[in-house]
Amino acid sequence: MNAMSWNCRGLGNAPAIRELRALVRNNQIDCLMLQETKVDTSVLRRILRPLGFVSIVHVPPGGTAGGLCIAWKENLDLEPLFMSKNAISCIVYHGTIKMPWLISAIYGSHRRTSKIEFWEFIGDIALRFTRPWLIIGDFNAVLHSNGRMGGRVCDPIVDMMFNLLSDLGIIEIYVAGGVFSWQNNRVNGAIYSKIDRGMANAEWWLFFLDAYLCLLPKTTSNHKPLVLRTSPREPFTRRPFRFEAMWTRDPRSFVVVRHAWLSDHHNRPPNRFLNRMKYTRKALSIWNKYQFGKIQTKIASTRNALSNFLGAHRDYDHDRSLNLCKHLDELLKREELLWFQKSRIKWVLEEDQCTKFFFVSTLVRRKLNRIERILTDNSEWVTSRGDIGAAFMDKFKAIYYEDSMPQRVDLSHLITPSISHEANQALLAVSDYSEIRSAVFA
């Protein structure tokens, strides 16, 4: 799904309408969220219907200010849940996941009292709605000190917002194409801010691991359009081998390692070590694929088996029920250990282990470690995996190319000799037979 959020600053003029049409067509937008429409619902329908948006939910502006809208095409199935001048939330039934999820289009208030009420309302929704949830739009607030350049750095309400989002486990979606989404269009006293953003809870990230946001150039509005893409940008690539700590909870893993490690008897220790590492890595990969299995699939299978067993009125078979419960508990421990290892957090006490916390931490680390784009020597941004790899190769070839290497310079005159030339020649001379004999039999 491709969605776009944009504070258009009014659609009552031809340049803004032309820009909206170009944005929707060039980016193949399926779901559109607009802030500050500043037009009536009838006018908005006449603008959006030719673009393919058959369904529109619009909160009209109060006079000549405001206006919030969410529109979608016929390939999506959305059900409006609630709406106000600051938020419109809809249940999404279309997508790569089977369960419905919530999308909230945000237009944050400018006033401090209204901000507090609004974010308390958002927190109440998050506590009641435990399914996947996406929040996107113009928040009218800067969450971090590095989210603004020029003017006042922080908002009095920022601490409350930041603590609320942290407590709810909300993760900000990575943004490509720049940092700041808004500027005041002034030459003197220019201010740049990051107030347009997208965030989601851990349940939403579980289904959309490759989602990202892209800031597009602005023309008619002082806000940049924000495009959300949920589908992967690159085809699947083979992952490198990593030893999983959860394997150690299965006694068979020790047998696999021992057998593979003792299968090579090369005469040279370095070769023997490298061969044993290679054979062990291969043996563990095969064993994990065909015997250990995917942990999430086994958990789901065991849950179904336990549910079917109890539903068949066989709860009198206490041993069978107890074995299934123990097996499920062991699988959950392995899954917890898996996310604990992937999160790479060493300071968490083992008795405080929380799978959801480790999962969220892993997602944050992956987003920070991923190279989303690079700037080439031609001042062009490159975003695809293949182009990024080619740019790295070209850069290293340019640096280490033979013709580009500097000429060797004689620097021997900079070192003051510590011994004479005659003494140096004596040290370099090859010992004769008499000197060797006297040294050995002395």
# chains A, B, ... in the order shown; residues from 1 in each chain; ligands from 1
call {"tool": "select_by_dssp", "arguments": {"residues": "range 115-291 of chain A", "states": "alpha helix (DSSP H)", "output": "PyMOL selection string"}}
result
chain A and resi 115-128+158-168+202-207+252-261+269-287
call {"tool": "select_by_dssp", "arguments": {"residues": "range 10-200 of chain A", "states": "strand (DSSP E or B)", "output": "ChimeraX atom specification"}}
result
/A:31-35,53-59,62,65,68-73,78-83,87-92,101-107,133-138,148-149,171-172,175-176,182-183,192-193,196-200
call {"tool": "closest_residue", "arguments": {"among": "A:Gly137, A:Pro80, A:Gly150, A:Gly62", "to": "His223 in chain A", "atoms": "only C-alpha atoms"}}
result
A:Gly137
call {"tool": "closest_residue", "arguments": {"among": "A:Gly10, A:Pro270, A:Gly177, A:Pro240", "to": "Lys282 in chain A", "atoms": "only C-alpha atoms"}}
result
A:Pro240
call {"tool": "residues_around", "arguments": {"residues": "Ser285 in chain A", "least_positions_apart": "5", "cutoff": "9 Å", "atoms": "only C-alpha atoms", "output": "short mmCIF file (atom, residue, chain, number, x, y, z; two decimals) with N, CA, C and O atoms, in the first residue's frame"}}
result
data_model
loop_
_atom_site.label_atom_id
_atom_site.label_comp_id
_atom_site.auth_asym_id
_atom_site.auth_seq_id
_atom_site.Cartn_x
_atom_site.Cartn_y
_atom_site.Cartn_z
N PHE A 241 25.15 -16.58 7.90
CA PHE A 241 24.92 -17.52 8.99
C PHE A 241 25.17 -16.83 10.34
O PHE A 241 26.15 -16.10 10.51
N THR A 280 30.79 -27.15 10.47
CA THR A 280 29.85 -26.93 11.57
C THR A 280 28.76 -25.95 11.17
O THR A 280 27.58 -26.14 11.49
N TYR A 290 15.66 -28.52 8.76
CA TYR A 290 14.89 -29.74 8.63
C TYR A 290 14.49 -30.38 9.96
O TYR A 290 13.59 -31.23 9.97
#
call {"tool": "residues_around", "arguments": {"residues": "Phe118 in chain A", "least_positions_apart": "6", "cutoff": "9 Å", "atoms": "only C-alpha atoms", "output": "compact mmCIF listing (two decimals) with N, CA and C atoms, in the first residue's frame"}}
result
# COMPACT_ATOMS: atom_id res chain seq x y z
N ASN A 86 -8.92 17.01 14.77
CA ASN A 86 -7.50 16.70 14.94
C ASN A 86 -7.12 15.29 14.52
N ALA A 87 -8.08 14.42 14.30
CA ALA A 87 -7.73 13.03 13.94
C ALA A 87 -8.91 12.34 13.27
N GLY A 108 -2.27 17.88 14.37
CA GLY A 108 -2.09 18.34 15.74
C GLY A 108 -2.52 19.79 15.93
N SER A 109 -2.98 20.07 17.12
CA SER A 109 -3.43 21.43 17.45
C SER A 109 -2.24 22.34 17.72
call {"tool": "residues_around", "arguments": {"residues": "range 376-380 of chain A", "least_positions_apart": "6", "cutoff": "10 Å", "atoms": "only C-alpha atoms", "output": "PyMOL selection string"}}
result
chain A and resi 388+391-392+394-395
call {"tool": "atom_distance", "arguments": {"atom1": "CA of Val179 in chain A", "atom2": "CA of Met1 in chain A"}}
result
23.1 Å
call {"tool": "residues_around", "arguments": {"residues": "Pro60 in chain A", "least_positions_apart": "4", "cutoff": "9 Å", "atoms": "only C-alpha atoms", "output": "number ranges by chain"}}
result
A: 37-41, 66-69, 85
call {"tool": "write_last_selection", "arguments": {"atoms": "all heavy atoms", "output": "PDB file, in the first residue's frame"}}
result
ATOM      1  N   THR A  37      -7.310  21.420   4.481  1.00  0.00           N
ATOM      2  CA  THR A  37      -7.903  21.432   3.138  1.00  0.00           C
ATOM      3  C   THR A  37      -8.505  22.800   2.803  1.00  0.00           C
ATOM      4  O   THR A  37      -8.452  23.234   1.649  1.00  0.00           O
ATOM      5  CB  THR A  37      -8.988  20.358   3.035  1.00  0.00           C
ATOM      6  OG1 THR A  37      -9.980  20.591   4.057  1.00  0.00           O
ATOM      7  CG2 THR A  37      -8.400  18.974   3.205  1.00  0.00           C
ATOM      8  N   LYS A  38      -9.145  23.446   3.802  1.00  0.00           N
ATOM      9  CA  LYS A  38      -9.702  24.798   3.652  1.00  0.00           C
ATOM     10  C   LYS A  38     -10.747  24.903   2.548  1.00  0.00           C
ATOM     11  O   LYS A  38     -10.950  25.967   1.970  1.00  0.00           O
ATOM     12  CB  LYS A  38      -8.580  25.825   3.399  1.00  0.00           C
ATOM     13  CG  LYS A  38      -7.573  25.930   4.533  1.00  0.00           C
ATOM     14  CD  LYS A  38      -6.552  27.013   4.255  1.00  0.00           C
ATOM     15  CE  LYS A  38      -5.525  27.098   5.379  1.00  0.00           C
ATOM     16  NZ  LYS A  38      -4.529  28.162   5.144  1.00  0.00           N
ATOM     17  N   VAL A  39     -11.412  23.792   2.216  1.00  0.00           N
ATOM     18  CA  VAL A  39     -12.490  23.795   1.232  1.00  0.00           C
ATOM     19  C   VAL A  39     -13.629  22.929   1.759  1.00  0.00           C
ATOM     20  O   VAL A  39     -13.448  22.105   2.664  1.00  0.00           O
ATOM     21  CB  VAL A  39     -12.032  23.260  -0.147  1.00  0.00           C
ATOM     22  CG1 VAL A  39     -11.013  24.192  -0.771  1.00  0.00           C
ATOM     23  CG2 VAL A  39     -11.484  21.844  -0.017  1.00  0.00           C
ATOM     24  N   ASP A  40     -14.821  23.114   1.194  1.00  0.00           N
ATOM     25  CA  ASP A  40     -15.979  22.300   1.568  1.00  0.00           C
ATOM     26  C   ASP A  40     -15.824  20.878   1.056  1.00  0.00           C
ATOM     27  O   ASP A  40     -15.038  20.598   0.145  1.00  0.00           O
ATOM     28  CB  ASP A  40     -17.257  22.916   1.004  1.00  0.00           C
ATOM     29  CG  ASP A  40     -17.568  24.282   1.620  1.00  0.00           C
ATOM     30  OD1 ASP A  40     -17.127  24.501   2.770  1.00  0.00           O
ATOM     31  OD2 ASP A  40     -18.207  25.109   0.952  1.00  0.00           O
ATOM     32  N   THR A  41     -16.648  19.997   1.616  1.00  0.00           N
ATOM     33  CA  THR A  41     -16.582  18.589   1.228  1.00  0.00           C
ATOM     34  C   THR A  41     -16.941  18.385  -0.236  1.00  0.00           C
ATOM     35  O   THR A  41     -16.328  17.563  -0.932  1.00  0.00           O
ATOM     36  CB  THR A  41     -17.522  17.761   2.117  1.00  0.00           C
ATOM     37  OG1 THR A  41     -17.164  17.954   3.502  1.00  0.00           O
ATOM     38  CG2 THR A  41     -17.422  16.279   1.782  1.00  0.00           C
ATOM     39  N   GLY A  66      -8.198  25.088   8.820  1.00  0.00           N
ATOM     40  CA  GLY A  66      -8.375  23.691   9.195  1.00  0.00           C
ATOM     41  C   GLY A  66      -8.900  22.845   8.065  1.00  0.00           C
ATOM     42  O   GLY A  66      -8.843  23.193   6.884  1.00  0.00           O
ATOM     43  N   GLY A  67      -9.461  21.724   8.442  1.00  0.00           N
ATOM     44  CA  GLY A  67      -9.945  20.748   7.474  1.00  0.00           C
ATOM     45  C   GLY A  67      -9.042  19.535   7.425  1.00  0.00           C
ATOM     46  O   GLY A  67      -7.844  19.659   7.179  1.00  0.00           O
ATOM     47  N   LEU A  68      -9.624  18.354   7.689  1.00  0.00           N
ATOM     48  CA  LEU A  68      -8.852  17.113   7.718  1.00  0.00           C
ATOM     49  C   LEU A  68      -9.580  16.073   6.876  1.00  0.00           C
ATOM     50  O   LEU A  68     -10.810  15.942   6.963  1.00  0.00           O
ATOM     51  CB  LEU A  68      -8.682  16.619   9.156  1.00  0.00           C
ATOM     52  CG  LEU A  68      -7.876  15.344   9.383  1.00  0.00           C
ATOM     53  CD1 LEU A  68      -6.448  15.497   8.912  1.00  0.00           C
ATOM     54  CD2 LEU A  68      -7.913  14.953  10.868  1.00  0.00           C
ATOM     55  N   CYS A  69      -8.825  15.330   6.083  1.00  0.00           N
ATOM     56  CA  CYS A  69      -9.439  14.401   5.133  1.00  0.00           C
ATOM     57  C   CYS A  69      -8.615  13.119   5.033  1.00  0.00           C
ATOM     58  O   CYS A  69      -7.383  13.139   5.140  1.00  0.00           O
ATOM     59  CB  CYS A  69      -9.541  15.065   3.758  1.00  0.00           C
ATOM     60  SG  CYS A  69      -9.811  13.930   2.384  1.00  0.00           S
ATOM     61  N   LYS A  85     -11.616  17.207  14.530  1.00  0.00           N
ATOM     62  CA  LYS A  85     -10.824  18.172  13.777  1.00  0.00           C
ATOM     63  C   LYS A  85      -9.337  17.895  13.850  1.00  0.00           C
ATOM     64  O   LYS A  85      -8.550  18.459  13.083  1.00  0.00           O
ATOM     65  CB  LYS A  85     -11.112  19.585  14.278  1.00  0.00           C
ATOM     66  CG  LYS A  85     -10.695  19.828  15.724  1.00  0.00           C
ATOM     67  CD  LYS A  85     -10.991  21.250  16.137  1.00  0.00           C
ATOM     68  CE  LYS A  85     -10.554  21.514  17.580  1.00  0.00           C
ATOM     69  NZ  LYS A  85     -10.830  22.921  17.985  1.00  0.00           N
TER      70      LYS A  85
END
call {"tool": "residues_around", "arguments": {"residues": "Leu328 in chain A", "least_positions_apart": "5", "cutoff": "12 Å", "atoms": "only C-alpha atoms", "output": "PyMOL selection string"}}
result
chain A and resi 295-307+321-323+333-335
call {"tool": "write_last_selection", "arguments": {"atoms": "N, CA and C atoms", "output": "PDB file, in the first residue's frame"}}
result
ATOM      1  N   ILE A 295      10.657 -21.273  14.781  1.00  0.00           N
ATOM      2  CA  ILE A 295      10.102 -21.237  16.133  1.00  0.00           C
ATOM      3  C   ILE A 295       8.672 -20.709  16.136  1.00  0.00           C
ATOM      4  N   GLN A 296       8.378 -19.653  15.335  1.00  0.00           N
ATOM      5  CA  GLN A 296       7.029 -19.093  15.331  1.00  0.00           C
ATOM      6  C   GLN A 296       6.014 -20.099  14.795  1.00  0.00           C
ATOM      7  N   THR A 297       6.395 -20.865  13.773  1.00  0.00           N
ATOM      8  CA  THR A 297       5.491 -21.874  13.225  1.00  0.00           C
ATOM      9  C   THR A 297       5.220 -22.980  14.227  1.00  0.00           C
ATOM     10  N   LYS A 298       6.236 -23.401  14.959  1.00  0.00           N
ATOM     11  CA  LYS A 298       6.059 -24.466  15.942  1.00  0.00           C
ATOM     12  C   LYS A 298       5.201 -23.995  17.114  1.00  0.00           C
ATOM     13  N   ILE A 299       5.334 -22.728  17.490  1.00  0.00           N
ATOM     14  CA  ILE A 299       4.489 -22.196  18.571  1.00  0.00           C
ATOM     15  C   ILE A 299       3.026 -22.203  18.148  1.00  0.00           C
ATOM     16  N   ALA A 300       2.752 -21.742  16.933  1.00  0.00           N
ATOM     17  CA  ALA A 300       1.375 -21.725  16.436  1.00  0.00           C
ATOM     18  C   ALA A 300       0.811 -23.141  16.335  1.00  0.00           C
ATOM     19  N   SER A 301       1.632 -24.081  15.869  1.00  0.00           N
ATOM     20  CA  SER A 301       1.182 -25.463  15.743  1.00  0.00           C
ATOM     21  C   SER A 301       0.875 -26.077  17.112  1.00  0.00           C
ATOM     22  N   THR A 302       1.728 -25.794  18.088  1.00  0.00           N
ATOM     23  CA  THR A 302       1.506 -26.340  19.429  1.00  0.00           C
ATOM     24  C   THR A 302       0.278 -25.726  20.082  1.00  0.00           C
ATOM     25  N   ARG A 303       0.060 -24.448  19.877  1.00  0.00           N
ATOM     26  CA  ARG A 303      -1.156 -23.802  20.413  1.00  0.00           C
ATOM     27  C   ARG A 303      -2.410 -24.453  19.824  1.00  0.00           C
ATOM     28  N   ASN A 304      -2.401 -24.690  18.514  1.00  0.00           N
ATOM     29  CA  ASN A 304      -3.552 -25.324  17.879  1.00  0.00           C
ATOM     30  C   ASN A 304      -3.759 -26.739  18.396  1.00  0.00           C
ATOM     31  N   ALA A 305      -2.659 -27.475  18.567  1.00  0.00           N
ATOM     32  CA  ALA A 305      -2.767 -28.845  19.076  1.00  0.00           C
ATOM     33  C   ALA A 305      -3.354 -28.857  20.488  1.00  0.00           C
ATOM     34  N   LEU A 306      -2.908 -27.923  21.323  1.00  0.00           N
ATOM     35  CA  LEU A 306      -3.421 -27.859  22.692  1.00  0.00           C
ATOM     36  C   LEU A 306      -4.889 -27.458  22.702  1.00  0.00           C
ATOM     37  N   SER A 307      -5.251 -26.506  21.839  1.00  0.00           N
ATOM     38  CA  SER A 307      -6.649 -26.083  21.772  1.00  0.00           C
ATOM     39  C   SER A 307      -7.551 -27.208  21.275  1.00  0.00           C
ATOM     40  N   SER A 321      -2.061 -33.418  28.413  1.00  0.00           N
ATOM     41  CA  SER A 321      -2.243 -31.959  28.525  1.00  0.00           C
ATOM     42  C   SER A 321      -1.015 -31.291  29.128  1.00  0.00           C
ATOM     43  N   LEU A 322      -0.444 -31.929  30.156  1.00  0.00           N
ATOM     44  CA  LEU A 322       0.732 -31.357  30.807  1.00  0.00           C
ATOM     45  C   LEU A 322       1.929 -31.330  29.863  1.00  0.00           C
ATOM     46  N   ASN A 323       2.106 -32.369  29.048  1.00  0.00           N
ATOM     47  CA  ASN A 323       3.222 -32.399  28.102  1.00  0.00           C
ATOM     48  C   ASN A 323       3.100 -31.308  27.050  1.00  0.00           C
ATOM     49  N   LYS A 333      10.107 -19.955  25.641  1.00  0.00           N
ATOM     50  CA  LYS A 333      11.420 -19.592  26.182  1.00  0.00           C
ATOM     51  C   LYS A 333      12.446 -19.441  25.054  1.00  0.00           C
ATOM     52  N   ARG A 334      12.381 -20.320  24.071  1.00  0.00           N
ATOM     53  CA  ARG A 334      13.306 -20.222  22.944  1.00  0.00           C
ATOM     54  C   ARG A 334      13.048 -18.952  22.138  1.00  0.00           C
ATOM     55  N   GLU A 335      11.776 -18.621  21.930  1.00  0.00           N
ATOM     56  CA  GLU A 335      11.465 -17.391  21.202  1.00  0.00           C
ATOM     57  C   GLU A 335      11.950 -16.169  21.976  1.00  0.00           C
TER      58      GLU A 335
END
call {"tool": "closest_residue", "arguments": {"among": "A:Lys98, A:Ala260, A:Ile374, A:Ser84", "to": "Asn275 in chain A", "atoms": "only C-alpha atoms"}}
result
A:Ala260
